[in-house]
file start-v4.tsv (TSV, C-alpha atoms)
chain	number	residue	atom	x	y	z
A	1	MET	CA	66.56	47.43	-11.05
A	2	SER	CA	64.82	49.92	-13.32
A	3	GLU	CA	67.79	49.81	-15.73
A	4	PHE	CA	66.66	46.35	-16.88
A	5	THR	CA	62.99	47.15	-17.49
A	6	ASP	CA	63.65	47.55	-21.23
A	7	GLY	CA	65.47	44.23	-21.40
A	8	VAL	CA	64.52	41.99	-24.28
A	9	GLY	CA	65.88	38.61	-25.15
A	10	GLN	CA	65.43	35.40	-26.99
A	11	ALA	CA	65.60	31.70	-26.29
A	12	VAL	CA	67.41	29.79	-29.02
A	13	PHE	CA	66.36	26.20	-29.55
A	14	VAL	CA	67.90	23.60	-31.85
A	15	ARG	CA	65.58	21.43	-33.92
A	16	THR	CA	66.33	17.80	-33.22
A	17	ASP	CA	63.92	16.47	-35.83
A	18	VAL	CA	66.01	17.53	-38.84
A	19	PRO	CA	69.56	16.45	-39.72
A	20	ASP	CA	71.07	19.98	-39.87
A	21	TYR	CA	69.97	21.07	-36.34
A	22	ALA	CA	68.36	24.31	-37.53
A	23	GLU	CA	67.88	27.06	-34.93
A	24	VAL	CA	64.49	28.30	-33.78
A	25	LYS	CA	64.52	31.67	-31.97
A	26	GLN	CA	61.70	32.62	-29.62
A	27	PRO	CA	61.76	36.22	-28.32
A	28	PHE	CA	60.62	37.27	-24.86
A	29	ARG	CA	59.98	40.63	-23.18
A	30	SER	CA	59.95	39.74	-19.47
A	31	LEU	CA	61.47	37.32	-17.00
A	32	GLU	CA	58.13	35.57	-16.62
A	33	GLU	CA	57.83	35.11	-20.38
A	34	MET	CA	61.40	33.77	-20.55
A	35	VAL	CA	60.68	31.20	-17.85
A	36	GLU	CA	57.49	30.13	-19.63
A	37	ILE	CA	59.27	29.67	-22.97
A	38	CYS	CA	62.31	27.88	-21.53
A	39	THR	CA	60.42	25.46	-19.29
A	40	ARG	CA	57.60	24.49	-21.66
A	41	PRO	CA	58.28	21.09	-23.30
A	42	GLN	CA	58.46	21.49	-27.07
A	43	ALA	CA	58.58	18.41	-29.27
A	44	GLY	CA	61.58	18.33	-31.59
A	45	LEU	CA	63.30	21.29	-29.88
A	46	MET	CA	66.18	21.43	-27.39
A	47	LEU	CA	67.18	24.64	-25.59
A	48	GLU	CA	70.66	25.68	-26.66
A	49	ARG	CA	71.09	29.19	-25.26
A	50	VAL	CA	69.30	32.21	-23.84
A	51	VAL	CA	70.33	35.72	-24.87
A	52	VAL	CA	69.27	38.74	-22.79
A	53	TYR	CA	69.67	42.29	-24.14
A	54	ALA	CA	69.63	45.58	-22.25
A	55	SER	CA	70.64	49.21	-22.77
A	56	ARG	CA	72.75	50.94	-20.20
A	57	GLU	CA	73.41	54.64	-20.83
A	58	GLU	CA	72.58	54.25	-24.55
A	59	THR	CA	75.05	51.37	-24.90
A	60	PRO	CA	73.50	48.03	-25.82
A	61	VAL	CA	74.80	45.02	-23.90
A	62	SER	CA	73.91	41.35	-23.99
A	63	LEU	CA	74.38	38.26	-21.87
A	64	THR	CA	74.39	34.79	-23.44
A	65	LEU	CA	73.74	31.72	-21.33
A	66	GLY	CA	74.68	28.55	-23.21
A	67	TYR	CA	73.66	25.01	-22.40
A	68	ILE	CA	75.55	21.79	-23.03
A	69	SER	CA	73.50	18.71	-23.62
A	70	SER	CA	74.02	15.25	-24.93
A	71	SER	CA	72.07	12.28	-26.11
A	72	SER	CA	72.49	8.74	-24.90
A	73	GLY	CA	72.50	6.79	-28.12
A	74	LYS	CA	69.33	8.20	-29.63
A	75	ARG	CA	68.52	6.54	-32.91
A	76	VAL	CA	68.22	8.73	-35.98
A	77	PRO	CA	65.18	7.70	-38.00
A	78	VAL	CA	66.10	5.99	-41.28
A	79	GLU	CA	64.15	8.60	-43.26
A	80	LEU	CA	66.44	11.30	-41.79
A	81	GLY	CA	69.63	9.55	-42.86
A	82	GLY	CA	70.19	7.11	-40.00
A	83	SER	CA	70.74	3.40	-40.42
A	84	GLU	CA	69.21	0.39	-38.77
A	85	GLU	CA	72.51	-0.20	-36.90
A	86	THR	CA	72.71	3.30	-35.33
A	87	ALA	CA	72.84	3.00	-31.58

call {"tool": "encode", "arguments": {"input": "start-v4.tsv", "output": "structure tokens"}}
result
Amino acid sequence: MSEFTDGVGQAVFVRTDVPDYAEVKQPFRSLEEMVEICTRPQAGLMLERVVVYASREETPVSLTLGYISSSSGKRVPVELGGSEETA
């Protein structure tokens, strides 16, 4: 397992409090740090994917884990472009 000791990655969240769903990237340097970042509730953010990087024989490689999520009729606040009828 020593080949993954230099692994670095990032958790990519999508902002749900703005209309354009901007990305927020949070880097991590260990498995423990990744778990902490991905499991901590963060207001206005939804986990979209986790990317893990590693070098194997001087060749960089990456693994992307994507997540599919949905909302069940969440109302968009009027000040963000929603309407009173949005269900």

call {"tool": "residues_around", "arguments": {"input": "start-v4.tsv", "residues": "A:Met34", "least_positions_apart": "3", "cutoff": "10 Å", "atoms": "all atoms listed in the file", "output": "list in words"}}
result
Val8, Gly9, Gln10, Ala11, Gln26, Pro27, Phe28, Arg29, Ser30, Leu31, Ile37, Cys38, Thr39, Val50 and Val52 of chain A

call {"tool": "residues_near_point", "arguments": {"input": "start-v4.tsv", "point": "(62.5, 20.1, -33.3)", "cutoff": "9 Å", "atoms": "only C-alpha atoms", "output": "list in words"}}
result
Phe13, Val14, Arg15, Thr16, Asp17, Val18, Tyr21, Ala22, Glu23, Val24, Gln42, Ala43, Gly44, Leu45 and Met46 of chain A

call {"tool": "atom_distance", "arguments": {"input": "start-v4.tsv", "atom1": "atom CA of A:Glu36", "atom2": "atom CA of A:Asp20"}}
result
26.4 Å

call {"tool": "atom_distance", "arguments": {"input": "start-v4.tsv", "atom1": "atom CA of A:Glu33", "atom2": "atom CA of A:Pro60"}}
result
21.0 Å

call {"tool": "residues_near_point", "arguments": {"input": "start-v4.tsv", "point": "(75.1, 40.4, -21.5)", "cutoff": "7 Å", "atoms": "all atoms listed in the file", "output": "list in words"}}
result
Val52, Tyr53, Val61, Ser62, Leu63 and Thr64 of chain A

call {"tool": "atom_distance", "arguments": {"input": "start-v4.tsv", "atom1": "atom CA of A:Glu48", "atom2": "atom CA of A:Val12"}}
result
5.7 Å

call {"tool": "axis_aligned_box", "arguments": {"input": "start-v4.tsv", "around": "stretch 40-55 of chain A", "padding_each_side": "3 Å", "output": "JSON"}}
result
{"center_x": 64.3, "center_y": 33.8, "center_z": -26.6, "size_x": 19.5, "size_y": 36.9, "size_z": 15.9}
